[in-house]
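The file model.cif comes next; it holds mmCIF, C-alpha atoms.
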```cif
data_model
loop_
_atom_site.group_PDB
_atom_site.id
_atom_site.type_symbol
_atom_site.label_atom_id
_atom_site.label_comp_id
_atom_site.auth_asym_id
_atom_site.auth_seq_id
_atom_site.Cartn_x
_atom_site.Cartn_y
_atom_site.Cartn_z
ATOM 1 C CA MET G 26 0.000 0.000 0.000
ATOM 2 C CA ALA G 27 1.326 3.440 -0.939
ATOM 3 C CA ALA G 28 2.323 5.711 1.900
ATOM 4 C CA LEU G 29 -0.181 8.343 2.939
ATOM 5 C CA GLN G 30 1.136 11.716 1.782
ATOM 6 C CA VAL G 31 0.721 14.312 4.532
ATOM 7 C CA TRP G 32 1.718 17.970 4.385
ATOM 8 C CA VAL G 33 1.832 19.749 7.749
ATOM 9 C CA LEU G 34 1.603 23.512 8.266
ATOM 10 C CA THR G 35 2.682 25.041 11.568
ATOM 11 C CA ASP G 36 2.750 28.648 12.713
ATOM 12 C CA GLY G 37 5.648 27.810 15.028
ATOM 13 C CA ARG G 38 3.730 28.347 18.272
ATOM 14 C CA LEU G 39 4.698 25.638 20.750
ATOM 15 C CA GLY G 40 1.142 24.631 21.692
ATOM 16 C CA HIS G 41 0.086 24.290 18.059
ATOM 17 C CA LEU G 42 3.298 22.485 17.174
ATOM 18 C CA ASN G 43 2.776 19.961 19.983
ATOM 19 C CA GLN G 44 -0.728 19.230 18.704
ATOM 20 C CA LEU G 45 0.624 18.519 15.243
ATOM 21 C CA LYS G 46 3.546 16.462 16.516
ATOM 22 C CA GLY G 47 1.216 14.352 18.640
ATOM 23 C CA LEU G 48 -1.146 13.600 15.765
ATOM 24 C CA VAL G 49 1.606 12.921 13.222
ATOM 25 C CA ALA G 50 3.419 10.593 15.634
ATOM 26 C CA ARG G 51 0.280 8.511 16.144
ATOM 27 C CA LEU G 52 -0.437 8.427 12.398
ATOM 28 C CA GLN G 53 3.107 7.179 11.813
ATOM 29 C CA ALA G 54 2.555 4.474 14.420
ATOM 30 C CA LYS G 55 -0.546 3.220 12.621
ATOM 31 C CA ALA G 56 0.100 3.675 8.890
ATOM 32 C CA ALA G 57 2.799 4.158 6.262
ATOM 33 C CA LEU G 58 3.254 7.904 6.162
ATOM 34 C CA ALA G 59 5.291 10.360 4.096
ATOM 35 C CA VAL G 60 5.355 13.698 5.909
ATOM 36 C CA SER G 61 6.467 17.129 4.712
ATOM 37 C CA TRP G 62 6.533 20.076 7.131
ATOM 38 C CA LEU G 63 6.423 23.830 6.551
ATOM 39 C CA ASN G 64 6.930 26.296 9.402
ATOM 40 C CA ILE G 65 5.427 29.521 8.102
ATOM 41 C CA ALA G 66 6.834 31.461 11.077
ATOM 42 C CA GLU G 67 10.353 30.723 9.810
ATOM 43 C CA GLN G 68 9.914 30.396 6.049
ATOM 44 C CA GLY G 69 6.719 32.310 5.387
ATOM 45 C CA PHE G 70 4.114 31.049 2.935
ATOM 46 C CA SER G 71 4.191 31.974 -0.738
ATOM 47 C CA TYR G 72 0.802 32.050 -2.417
ATOM 48 C CA THR G 73 2.069 30.558 -5.654
ATOM 49 C CA SER G 74 0.843 27.909 -8.062
ATOM 50 C CA ARG G 75 1.333 24.154 -7.860
ATOM 51 C CA THR G 76 5.045 23.999 -8.703
ATOM 52 C CA GLY G 77 5.950 26.740 -6.229
ATOM 53 C CA LEU G 78 3.890 25.148 -3.480
ATOM 54 C CA GLN G 79 5.550 21.777 -4.060
ATOM 55 C CA ALA G 80 8.938 23.490 -3.810
ATOM 56 C CA GLN G 81 8.005 25.032 -0.442
ATOM 57 C CA PHE G 82 7.260 21.586 0.977
ATOM 58 C CA GLY G 83 10.117 19.890 -0.896
ATOM 59 C CA CYS G 84 7.690 17.303 -2.227
ATOM 60 C CA LYS G 85 6.576 16.716 -5.827
ATOM 61 C CA GLN G 86 3.821 14.291 -4.857
ATOM 62 C CA SER G 87 0.412 15.744 -4.162
ATOM 63 C CA PRO G 88 -0.749 15.402 -0.562
ATOM 64 C CA ASP G 89 -3.577 13.157 0.551
ATOM 65 C CA TRP G 90 -4.058 15.350 3.616
ATOM 66 C CA ILE G 91 -2.934 18.861 4.511
ATOM 67 C CA ILE G 92 -2.973 19.458 8.269
ATOM 68 C CA GLY G 93 -2.651 22.769 10.091
ATOM 69 C CA ALA G 94 -2.961 24.256 13.576
ATOM 70 C CA GLY G 95 -3.233 27.953 14.361
ATOM 71 C CA SER G 96 -5.268 30.668 12.635
ATOM 72 C CA ARG G 97 -2.318 31.746 10.492
ATOM 73 C CA THR G 98 -2.409 28.362 8.756
ATOM 74 C CA HIS G 99 -6.081 28.449 7.757
ATOM 75 C CA LEU G 100 -5.849 30.488 4.551
ATOM 76 C CA PRO G 101 -2.683 28.640 3.416
ATOM 77 C CA LEU G 102 -4.552 25.343 3.991
ATOM 78 C CA LEU G 103 -7.335 26.443 1.679
ATOM 79 C CA TRP G 104 -4.877 27.777 -0.894
ATOM 80 C CA LEU G 105 -3.013 24.459 -0.922
ATOM 81 C CA LYS G 106 -6.234 22.497 -1.303
ATOM 82 C CA TRP G 107 -7.203 24.593 -4.335
ATOM 83 C CA PHE G 108 -3.842 24.420 -6.149
ATOM 84 C CA VAL G 109 -2.347 21.029 -5.232
ATOM 85 C CA GLY G 110 -5.392 19.022 -4.132
ATOM 86 C CA GLY G 111 -5.659 16.875 -1.052
ATOM 87 C CA LYS G 112 -8.041 17.135 1.870
ATOM 88 C CA THR G 113 -7.670 19.619 4.695
ATOM 89 C CA LEU G 114 -7.678 18.937 8.421
ATOM 90 C CA VAL G 115 -7.592 21.836 10.846
ATOM 91 C CA LEU G 116 -6.965 21.440 14.583
ATOM 92 C CA MET G 117 -9.068 23.685 16.872
ATOM 93 C CA ARG G 118 -12.059 25.746 15.671
ATOM 94 C CA PRO G 119 -11.068 27.460 12.392
ATOM 95 C CA SER G 120 -11.361 31.189 11.763
ATOM 96 C CA TRP G 121 -13.068 30.399 8.446
ATOM 97 C CA PRO G 122 -16.442 28.624 7.988
ATOM 98 C CA LEU G 123 -16.324 24.920 8.814
ATOM 99 C CA PHE G 124 -17.669 23.812 5.442
ATOM 100 C CA LEU G 125 -14.481 25.005 3.738
ATOM 101 C CA PHE G 126 -12.452 22.278 5.471
ATOM 102 C CA ASP G 127 -12.705 18.538 4.947
ATOM 103 C CA ALA G 128 -12.128 17.627 8.590
ATOM 104 C CA VAL G 129 -11.876 19.446 11.924
ATOM 105 C CA CYS G 130 -10.654 18.344 15.362
ATOM 106 C CA MET G 131 -12.271 20.671 17.893
ATOM 107 C CA PRO G 132 -12.228 20.714 21.707
ATOM 108 C CA ARG G 133 -15.591 20.233 23.411
ATOM 109 C CA HIS G 134 -15.289 23.640 25.072
ATOM 110 C CA ASP G 135 -15.550 25.180 21.578
ATOM 111 C CA ALA G 136 -19.014 23.633 21.126
ATOM 112 C CA PRO G 137 -18.286 21.484 18.053
ATOM 113 C CA PRO G 138 -21.284 20.639 15.862
ATOM 114 C CA LYS G 139 -22.293 16.999 15.416
ATOM 115 C CA ARG G 140 -20.992 16.196 11.955
ATOM 116 C CA GLN G 141 -19.213 13.187 10.480
ATOM 117 C CA ASN G 142 -16.183 15.298 9.608
ATOM 118 C CA VAL G 143 -15.872 16.969 13.043
ATOM 119 C CA LEU G 144 -14.156 15.202 15.933
ATOM 120 C CA ALA G 145 -14.906 16.583 19.386
ATOM 121 C CA THR G 146 -11.798 16.225 21.549
ATOM 122 C CA GLU G 147 -11.395 16.388 25.310
ATOM 123 C CA GLY G 148 -9.450 19.616 25.534
ATOM 124 C CA VAL G 149 -6.304 20.348 23.576
ATOM 125 C CA MET G 150 -4.549 17.548 21.729
ATOM 126 C CA ASN G 151 -0.851 17.156 22.559
ATOM 127 C CA HIS G 152 2.250 15.038 21.965
ATOM 128 C CA ILE G 153 2.336 13.377 25.397
ATOM 129 C CA VAL G 154 2.383 9.555 25.484
ATOM 130 C CA PRO G 155 0.605 7.990 28.497
ATOM 131 C CA VAL G 156 2.652 6.060 31.058
ATOM 132 C CA THR G 157 0.803 3.912 33.573
ATOM 133 C CA GLU G 158 3.583 1.855 35.155
ATOM 134 C CA GLY G 159 6.826 2.588 36.965
ATOM 135 C CA ARG G 160 5.777 5.860 38.553
ATOM 136 C CA ASN G 161 7.552 7.044 41.704
ATOM 137 C CA SER G 162 5.020 7.873 44.406
ATOM 138 C CA ALA G 163 7.756 9.718 46.324
ATOM 139 C CA GLN G 164 8.062 12.323 43.572
ATOM 140 C CA GLY G 165 5.574 15.036 42.654
ATOM 141 C CA LEU G 166 5.431 17.892 40.173
ATOM 142 C CA ILE G 167 3.819 21.322 40.507
ATOM 143 C CA LEU G 168 3.437 23.439 37.357
ATOM 144 C CA LEU G 169 2.605 27.131 37.594
ATOM 145 C CA GLY G 170 1.016 29.338 34.975
ATOM 146 C CA GLY G 171 0.505 33.041 35.511
ATOM 147 C CA ILE G 172 -1.198 36.223 34.374
ATOM 148 C CA ASN G 173 -4.056 35.469 31.996
ATOM 149 C CA LYS G 174 -7.467 36.690 30.789
ATOM 150 C CA HIS G 175 -9.542 33.919 32.349
ATOM 151 C CA PHE G 176 -8.550 33.516 36.006
ATOM 152 C CA ALA G 177 -7.482 36.079 38.593
ATOM 153 C CA TRP G 178 -3.852 35.313 39.330
ATOM 154 C CA ASP G 179 -2.896 35.685 42.997
ATOM 155 C CA ASN G 180 0.704 34.972 44.009
ATOM 156 C CA ASP G 181 -0.149 34.668 47.694
ATOM 157 C CA ALA G 182 -2.998 32.227 47.066
ATOM 158 C CA VAL G 183 -0.821 30.084 44.810
ATOM 159 C CA LEU G 184 2.032 30.098 47.330
ATOM 160 C CA ALA G 185 -0.358 29.045 50.093
ATOM 161 C CA GLN G 186 -1.645 26.122 48.018
ATOM 162 C CA VAL G 187 1.876 24.962 47.128
ATOM 163 C CA GLN G 188 2.869 25.119 50.793
ATOM 164 C CA GLN G 189 -0.217 23.170 51.901
ATOM 165 C CA ILE G 190 0.388 20.442 49.315
ATOM 166 C CA ALA G 191 4.003 19.995 50.383
ATOM 167 C CA ALA G 192 3.201 20.113 54.114
ATOM 168 C CA ALA G 193 0.449 17.513 53.756
ATOM 169 C CA SER G 194 2.777 15.062 51.971
ATOM 170 C CA PRO G 195 6.201 15.272 53.658
ATOM 171 C CA GLY G 196 7.246 11.956 52.105
ATOM 172 C CA VAL G 197 6.942 13.392 48.587
ATOM 173 C CA ALA G 198 9.726 15.421 46.977
ATOM 174 C CA TRP G 199 7.967 18.202 45.072
ATOM 175 C CA LEU G 200 9.567 19.816 42.041
ATOM 176 C CA VAL G 201 8.015 23.192 41.209
ATOM 177 C CA SER G 202 8.427 24.880 37.835
ATOM 178 C CA ASP G 203 7.004 27.994 36.229
ATOM 179 C CA SER G 204 6.188 29.143 32.682
ATOM 180 C CA PRO G 205 6.537 32.273 30.522
ATOM 181 C CA ARG G 206 3.388 33.832 32.034
ATOM 182 C CA THR G 207 4.474 33.351 35.662
ATOM 183 C CA PRO G 208 5.286 36.560 37.582
ATOM 184 C CA ALA G 209 9.066 36.923 37.614
ATOM 185 C CA ASP G 210 9.480 36.700 41.390
ATOM 186 C CA LEU G 211 7.066 33.854 42.131
ATOM 187 C CA LEU G 212 9.448 30.921 41.860
ATOM 188 C CA ALA G 213 11.907 32.712 44.152
ATOM 189 C CA LYS G 214 9.087 33.152 46.659
ATOM 190 C CA VAL G 215 8.364 29.409 46.453
ATOM 191 C CA ALA G 216 12.019 28.733 47.288
ATOM 192 C CA GLU G 217 11.809 31.212 50.186
ATOM 193 C CA LEU G 218 9.061 29.124 51.769
ATOM 194 C CA ASP G 219 11.983 27.059 53.061
ATOM 195 C CA VAL G 220 10.003 23.829 52.893
ATOM 196 C CA ALA G 221 12.330 20.825 52.983
ATOM 197 C CA ASN G 222 10.514 18.779 50.343
ATOM 198 C CA ILE G 223 10.245 21.541 47.715
ATOM 199 C CA GLU G 224 12.773 22.121 44.937
ATOM 200 C CA THR G 225 12.349 24.733 42.206
ATOM 201 C CA ILE G 226 13.497 24.864 38.588
ATOM 202 C CA PRO G 227 12.792 27.803 36.247
ATOM 203 C CA TYR G 228 11.367 26.801 32.891
ATOM 204 C CA GLN G 229 14.325 28.540 31.206
ATOM 205 C CA GLN G 230 16.636 25.914 32.722
ATOM 206 C CA THR G 231 14.674 22.922 31.474
ATOM 207 C CA ALA G 232 15.788 21.036 28.381
ATOM 208 C CA ALA G 233 13.673 19.766 25.500
ATOM 209 C CA GLY G 234 11.544 16.844 26.665
ATOM 210 C CA TRP G 235 11.859 17.816 30.327
ATOM 211 C CA LEU G 236 8.130 18.115 30.943
ATOM 212 C CA GLN G 237 7.253 14.871 29.187
ATOM 213 C CA ALA G 238 9.962 12.965 31.079
ATOM 214 C CA ASN G 239 8.874 14.300 34.464
ATOM 215 C CA LEU G 240 5.176 13.752 33.840
ATOM 216 C CA ALA G 241 5.997 10.157 32.917
ATOM 217 C CA ALA G 242 7.883 9.572 36.178
ATOM 218 C CA VAL G 243 6.081 11.338 39.030
ATOM 219 C CA GLY G 244 3.416 9.826 41.228
ATOM 220 C CA GLN G 245 1.174 12.897 40.960
ATOM 221 C CA ALA G 246 1.100 16.413 39.534
ATOM 222 C CA TRP G 247 -0.572 19.704 40.326
ATOM 223 C CA VAL G 248 -1.154 22.353 37.638
ATOM 224 C CA SER G 249 -2.585 25.845 38.008
ATOM 225 C CA CYS G 250 -6.016 25.901 36.368
ATOM 226 C CA ASP G 251 -5.125 28.735 33.972
ATOM 227 C CA SER G 252 -2.588 26.522 32.171
ATOM 228 C CA VAL G 253 -4.879 24.643 29.800
ATOM 229 C CA SER G 254 -2.150 23.010 27.722
ATOM 230 C CA MET G 255 -0.227 21.806 30.777
ATOM 231 C CA VAL G 256 -3.415 20.531 32.423
ATOM 232 C CA TYR G 257 -4.250 18.331 29.448
ATOM 233 C CA GLU G 258 -0.625 17.261 29.062
ATOM 234 C CA SER G 259 -0.573 16.145 32.685
ATOM 235 C CA ILE G 260 -3.844 14.227 32.364
ATOM 236 C CA SER G 261 -2.740 12.659 29.070
ATOM 237 C CA SER G 262 0.519 11.509 30.634
ATOM 238 C CA GLY G 263 -1.401 9.284 33.039
ATOM 239 C CA ALA G 264 -0.155 11.147 36.108
ATOM 240 C CA PRO G 265 -2.877 11.646 38.737
ATOM 241 C CA THR G 266 -3.540 15.356 38.379
ATOM 242 C CA GLY G 267 -4.866 18.135 40.591
ATOM 243 C CA LEU G 268 -5.801 21.707 39.712
ATOM 244 C CA LEU G 269 -4.562 24.621 41.794
ATOM 245 C CA SER G 270 -7.553 26.860 42.386
ATOM 246 C CA LEU G 271 -7.967 30.405 41.050
ATOM 247 C CA PRO G 272 -11.163 32.514 40.889
ATOM 248 C CA PRO G 273 -12.505 32.971 37.331
ATOM 249 C CA LEU G 274 -12.526 36.485 35.911
ATOM 250 C CA ARG G 275 -15.360 35.668 33.536
ATOM 251 C CA GLU G 276 -17.005 32.742 31.842
ATOM 252 C CA SER G 277 -14.876 31.703 28.886
ATOM 253 C CA ARG G 278 -13.982 28.608 26.903
ATOM 254 C CA VAL G 279 -10.962 28.174 29.202
ATOM 255 C CA THR G 280 -12.948 28.322 32.454
ATOM 256 C CA LYS G 281 -15.573 26.097 30.844
ATOM 257 C CA SER G 282 -12.903 23.594 29.841
ATOM 258 C CA MET G 283 -11.489 23.398 33.360
ATOM 259 C CA GLY G 284 -15.012 22.917 34.714
ATOM 260 C CA GLN G 285 -15.498 20.028 32.291
ATOM 261 C CA VAL G 286 -12.213 18.469 33.448
ATOM 262 C CA LEU G 287 -13.347 18.485 37.071
ATOM 263 C CA ALA G 288 -16.892 17.350 36.278
ATOM 264 C CA ALA G 289 -15.540 14.387 34.291
ATOM 265 C CA ARG G 290 -13.196 13.519 37.201
ATOM 266 C CA LEU G 291 -10.173 13.725 34.937
ATOM 267 C CA ALA G 292 -8.479 15.832 37.615
ATOM 268 C CA SER G 293 -9.008 16.763 41.263
ATOM 269 C CA ASP G 294 -9.911 20.204 42.611
ATOM 270 C CA PHE G 295 -7.620 21.681 45.270
ATOM 271 C CA GLU G 296 -10.658 22.868 47.191
ATOM 272 C CA THR G 297 -12.002 19.339 47.744
ATOM 273 C CA ALA G 298 -8.926 17.084 47.372
ATOM 274 C CA ASN G 299 -7.521 15.102 50.294
ATOM 275 C CA LEU G 300 -3.974 16.466 50.315
ATOM 276 C CA HIS G 301 -2.794 13.746 52.672
ATOM 277 C CA GLN G 302 -3.396 11.050 50.062
ATOM 278 C CA VAL G 303 -2.053 10.472 46.582
ATOM 279 C CA LEU G 304 -4.374 12.030 44.028
ATOM 280 C CA PRO G 305 -6.777 9.581 42.361
ATOM 281 C CA GLU G 306 -6.223 8.554 38.757
ATOM 282 C CA ALA G 307 -8.386 10.078 36.032
ATOM 283 C CA ALA G 308 -11.810 8.492 35.612
ATOM 284 C CA TYR G 309 -10.703 7.276 32.174
ATOM 285 C CA PRO G 310 -7.529 7.411 30.058
ATOM 286 C CA LEU G 311 -7.026 10.435 27.829
ATOM 287 C CA TRP G 312 -4.946 10.130 24.643
ATOM 288 C CA GLU G 313 -6.643 12.368 22.116
ATOM 289 C CA ALA G 314 -3.830 12.320 19.563
ATOM 290 C CA ASP G 315 -4.212 8.553 19.304
ATOM 291 C CA ARG G 316 -7.997 8.789 19.023
ATOM 292 C CA ALA G 317 -7.721 11.524 16.401
ATOM 293 C CA ALA G 318 -5.303 9.422 14.354
ATOM 294 C CA ASP G 319 -7.744 6.487 14.331
ATOM 295 C CA TRP G 320 -10.566 8.837 13.348
ATOM 296 C CA LEU G 321 -8.614 10.424 10.511
ATOM 297 C CA LEU G 322 -7.513 7.081 9.083
ATOM 298 C CA THR G 323 -11.116 5.843 9.206
ATOM 299 C CA LEU G 324 -12.285 9.068 7.567
ATOM 300 C CA HIS G 325 -9.609 8.715 4.882
ATOM 301 C CA GLY G 326 -10.685 5.172 4.137
ATOM 302 C CA SER G 327 -14.311 6.217 3.741
ATOM 303 C CA VAL G 328 -13.752 9.029 1.227
#
```

Written as structure tokens, how would this file's structure read?
Amino acid sequence: MAALQVWVLTDGRLGHLNQLKGLVARLQAKAALAVSWLNIAEQGFSYTSRTGLQAQFGCKQSPDWIIGAGSRTHLPLLWLKWFVGGKTLVLMRPSWPLFLFDAVCMPRHDAPPKRQNVLATEGVMNHIVPVTEGRNSAQGLILLGGINKHFAWDNDAVLAQVQQIAAASPGVAWLVSDSPRTPADLLAKVAELDVANIETIPYQQTAAGWLQANLAAVGQAWVSCDSVSMVYESISSGAPTGLLSLPPLRESRVTKSMGQVLAARLASDFETANLHQVLPEAAYPLWEADRAADWLLTLHGSV
């Protein structure tokens, strides 16, 4: 059987790139695949005819599928479909009308319509591979977000929650890390708590694959509820996950998504969790990149 020709468009943003990497990796695990990538943040996108488009992707064969994530990829996806053929798959709700695309993977918090060519996903797809065995119950991870439009960030409240988690589980070594949105002095304030079982590491000092490796190893993880990508990465990893609590600023797709996570018992709420016990596992496994790959291959076989 001939390899499935897939062209992938990325806008270079890490969250979008991780969605694409996760889906492509699972497609490669399930089918013969020939993949060509174009990062329009680095190379731009030239609205040329067939030959020029093939040159951009370094591939003379027409694609079976053209996949993109991020609003900057939506018009290029449609341009490619018109000039080189192939079917389009967009991840997340597109900025253009749905009927223009052949397939869409859309999180439930974006209210996806019930259509054969629309897959409703639990949150944001990612590249994390679940690990269910070999976890170290004596190690824990705490991931901090920061200033955002959806939840009221409060350094003191976050510090208090981190301190309570560590104090309630003295036999667990907690590694705390931040992110680009975290207030600059917060991680230093965590270190100043002078709690014996807390260690800090700034995100700038972490290497590629650090988060995936740690999520695969720890016995449990806590993530601030504003950090949607990290929340779903933690749940997808198989690590029992808790959400640090922050008051919502308004009702939004992000606050709705975190509410859905708690209602589905995919993660525990700090307000109701028993901090003296290891967090419970998610009510069911979450590996949306794998599910999306199965769906796309089935869709491809039916068209």

*Spell out the residues picked by the PyMOL selection byres ((chain G and resi 125) around 12) here, as a ChimeraX atom specification.*
/G:99-100,102-104,106-107,112-115,119-124,126-129,142

Where does region 165-249 of chain G meet region 264-271 of chain G within 9 Å, residue by residue, with the nearest atom pair and distance in Å to one decimal for each, counting only C-alpha atoms, listed by chain and rising number, as a tab-separated table?
```
residue	atom	partner	partner_atom	distance
G:Leu169	CA	G:Leu269	CA	8.7
G:Phe176	CA	G:Leu271	CA	6.0
G:Ala177	CA	G:Leu271	CA	6.2
G:Trp178	CA	G:Leu271	CA	6.6
G:Asp179	CA	G:Leu271	CA	7.6
G:Ala182	CA	G:Leu271	CA	8.0
G:Val183	CA	G:Leu269	CA	7.3
G:Gln186	CA	G:Leu269	CA	7.0
G:Val187	CA	G:Leu269	CA	8.4
G:Leu240	CA	G:Ala264	CA	6.4
G:Ala241	CA	G:Ala264	CA	7.0
G:Ala242	CA	G:Ala264	CA	8.2
G:Val243	CA	G:Ala264	CA	6.9
G:Gly244	CA	G:Ala264	CA	6.4
G:Gln245	CA	G:Pro265	CA	4.8
G:Ala246	CA	G:Thr266	CA	4.9
G:Trp247	CA	G:Gly267	CA	4.6
G:Val248	CA	G:Leu268	CA	5.1
G:Ser249	CA	G:Leu269	CA	4.4
```

Restricting the output to C-alpha atoms, write the selected residues as a PDB file, keeping the file's coordinate frame.
```pdb
ATOM      1  CA  LEU G 169       2.605  27.131  37.594  1.00  0.00           C
ATOM      2  CA  PHE G 176      -8.550  33.516  36.006  1.00  0.00           C
ATOM      3  CA  ALA G 177      -7.482  36.079  38.593  1.00  0.00           C
ATOM      4  CA  TRP G 178      -3.852  35.313  39.330  1.00  0.00           C
ATOM      5  CA  ASP G 179      -2.896  35.685  42.997  1.00  0.00           C
ATOM      6  CA  ALA G 182      -2.998  32.227  47.066  1.00  0.00           C
ATOM      7  CA  VAL G 183      -0.821  30.084  44.810  1.00  0.00           C
ATOM      8  CA  GLN G 186      -1.645  26.122  48.018  1.00  0.00           C
ATOM      9  CA  VAL G 187       1.876  24.962  47.128  1.00  0.00           C
ATOM     10  CA  LEU G 240       5.176  13.752  33.840  1.00  0.00           C
ATOM     11  CA  ALA G 241       5.997  10.157  32.917  1.00  0.00           C
ATOM     12  CA  ALA G 242       7.883   9.572  36.178  1.00  0.00           C
ATOM     13  CA  VAL G 243       6.081  11.338  39.030  1.00  0.00           C
ATOM     14  CA  GLY G 244       3.416   9.826  41.228  1.00  0.00           C
ATOM     15  CA  GLN G 245       1.174  12.897  40.960  1.00  0.00           C
ATOM     16  CA  ALA G 246       1.100  16.413  39.534  1.00  0.00           C
ATOM     17  CA  TRP G 247      -0.572  19.704  40.326  1.00  0.00           C
ATOM     18  CA  VAL G 248      -1.154  22.353  37.638  1.00  0.00           C
ATOM     19  CA  SER G 249      -2.585  25.845  38.008  1.00  0.00           C
TER      20      SER G 249
END
```

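For the structure shown here, the set of residues caught by the PyMOL selection byres ((chain G and resi 216-229) around 7) is Ala191, Pro195, Val197, Ala198, Trp199, Leu200, Val201, Ser202, Asp203, Ser204, Leu212, Ala213, Lys214, Val215, Gln230 and Thr231 of chain G.
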
*Residues matched by the PyMOL selection byres ((chain G and resi 54-62) around 9), written as a list in words*: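 With the shown file as input, the PyMOL selection byres ((chain G and resi 54-62) around 9) matches Met26, Ala27, Ala28, Leu29, Gln30, Val31, Trp32, Val33, Leu34, Thr35, Val49, Ala50, Arg51, Leu52, Gln53, Leu63, Asn64, Phe82, Gly83, Cys84, Ala318, Asp319 and Leu322 of chain G.
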
Can you write out as JSON lines which residues of region 104-212 of chain G fall within 10 Å of region 290-314 of chain G, alongside each residue's closest atom pair and its distance in Å to one decimal, counting all atoms listed in the file and ordering rows by chain and ascending residue number?
```
{"residue": "G:Cys130", "atom": "CA", "partner": "G:Glu313", "partner_atom": "CA", "distance": 9.9}
{"residue": "G:Ala145", "atom": "CA", "partner": "G:Glu313", "partner_atom": "CA", "distance": 9.7}
{"residue": "G:Thr146", "atom": "CA", "partner": "G:Glu313", "partner_atom": "CA", "distance": 6.5}
{"residue": "G:Glu147", "atom": "CA", "partner": "G:Glu313", "partner_atom": "CA", "distance": 7.0}
{"residue": "G:Gly148", "atom": "CA", "partner": "G:Glu313", "partner_atom": "CA", "distance": 8.5}
{"residue": "G:Val149", "atom": "CA", "partner": "G:Glu313", "partner_atom": "CA", "distance": 8.1}
{"residue": "G:Met150", "atom": "CA", "partner": "G:Glu313", "partner_atom": "CA", "distance": 5.6}
{"residue": "G:Asn151", "atom": "CA", "partner": "G:Ala314", "partner_atom": "CA", "distance": 6.4}
{"residue": "G:His152", "atom": "CA", "partner": "G:Ala314", "partner_atom": "CA", "distance": 7.1}
{"residue": "G:Ile153", "atom": "CA", "partner": "G:Trp312", "partner_atom": "CA", "distance": 8.0}
{"residue": "G:Val154", "atom": "CA", "partner": "G:Trp312", "partner_atom": "CA", "distance": 7.4}
{"residue": "G:Pro155", "atom": "CA", "partner": "G:Trp312", "partner_atom": "CA", "distance": 7.1}
{"residue": "G:Thr157", "atom": "CA", "partner": "G:Pro310", "partner_atom": "CA", "distance": 9.7}
{"residue": "G:Ser162", "atom": "CA", "partner": "G:Val303", "partner_atom": "CA", "distance": 7.8}
{"residue": "G:Ala163", "atom": "CA", "partner": "G:Val303", "partner_atom": "CA", "distance": 9.8}
{"residue": "G:Gly165", "atom": "CA", "partner": "G:Val303", "partner_atom": "CA", "distance": 9.7}
{"residue": "G:Gln186", "atom": "CA", "partner": "G:Phe295", "partner_atom": "CA", "distance": 7.9}
{"residue": "G:Gln189", "atom": "CA", "partner": "G:Leu300", "partner_atom": "CA", "distance": 7.8}
{"residue": "G:Ile190", "atom": "CA", "partner": "G:Leu300", "partner_atom": "CA", "distance": 6.0}
{"residue": "G:Ala191", "atom": "CA", "partner": "G:Leu300", "partner_atom": "CA", "distance": 8.7}
{"residue": "G:Ala192", "atom": "CA", "partner": "G:His301", "partner_atom": "CA", "distance": 8.9}
{"residue": "G:Ala193", "atom": "CA", "partner": "G:His301", "partner_atom": "CA", "distance": 5.1}
{"residue": "G:Ser194", "atom": "CA", "partner": "G:His301", "partner_atom": "CA", "distance": 5.8}
{"residue": "G:Pro195", "atom": "CA", "partner": "G:His301", "partner_atom": "CA", "distance": 9.2}
{"residue": "G:Val197", "atom": "CA", "partner": "G:Val303", "partner_atom": "CA", "distance": 9.7}
```

Produce a file of the selected residues containing C-alpha atoms, as a CSV table (one decimal), in the frame of the given file.
```csv
chain,number,residue,atom,x,y,z
G,130,CYS,CA,-10.7,18.3,15.4
G,145,ALA,CA,-14.9,16.6,19.4
G,146,THR,CA,-11.8,16.2,21.5
G,147,GLU,CA,-11.4,16.4,25.3
G,148,GLY,CA,-9.4,19.6,25.5
G,149,VAL,CA,-6.3,20.3,23.6
G,150,MET,CA,-4.5,17.5,21.7
G,151,ASN,CA,-0.9,17.2,22.6
G,152,HIS,CA,2.2,15.0,22.0
G,153,ILE,CA,2.3,13.4,25.4
G,154,VAL,CA,2.4,9.6,25.5
G,155,PRO,CA,0.6,8.0,28.5
G,157,THR,CA,0.8,3.9,33.6
G,162,SER,CA,5.0,7.9,44.4
G,163,ALA,CA,7.8,9.7,46.3
G,165,GLY,CA,5.6,15.0,42.7
G,186,GLN,CA,-1.6,26.1,48.0
G,189,GLN,CA,-0.2,23.2,51.9
G,190,ILE,CA,0.4,20.4,49.3
G,191,ALA,CA,4.0,20.0,50.4
G,192,ALA,CA,3.2,20.1,54.1
G,193,ALA,CA,0.4,17.5,53.8
G,194,SER,CA,2.8,15.1,52.0
G,195,PRO,CA,6.2,15.3,53.7
G,197,VAL,CA,6.9,13.4,48.6
```

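Here CA of Trp90 (chain G) is placed at a distance of 17.2 Å from CA of Arg316 (chain G).
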
*Hey, which of G:Ile260, G:Gln237, G:His175, G:Gln68 ends up closest to Lys281 (chain G)? Count all atoms listed in the file.*
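Of G:Ile260, G:Gln237, G:His175, G:Gln68, the one nearest Lys281 (chain G) is G:His175, counting all atoms listed in the file.
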
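When CA of Tyr257 (chain G) is paired with CA of Leu144 (chain G), their separation reads 17.0 Å.
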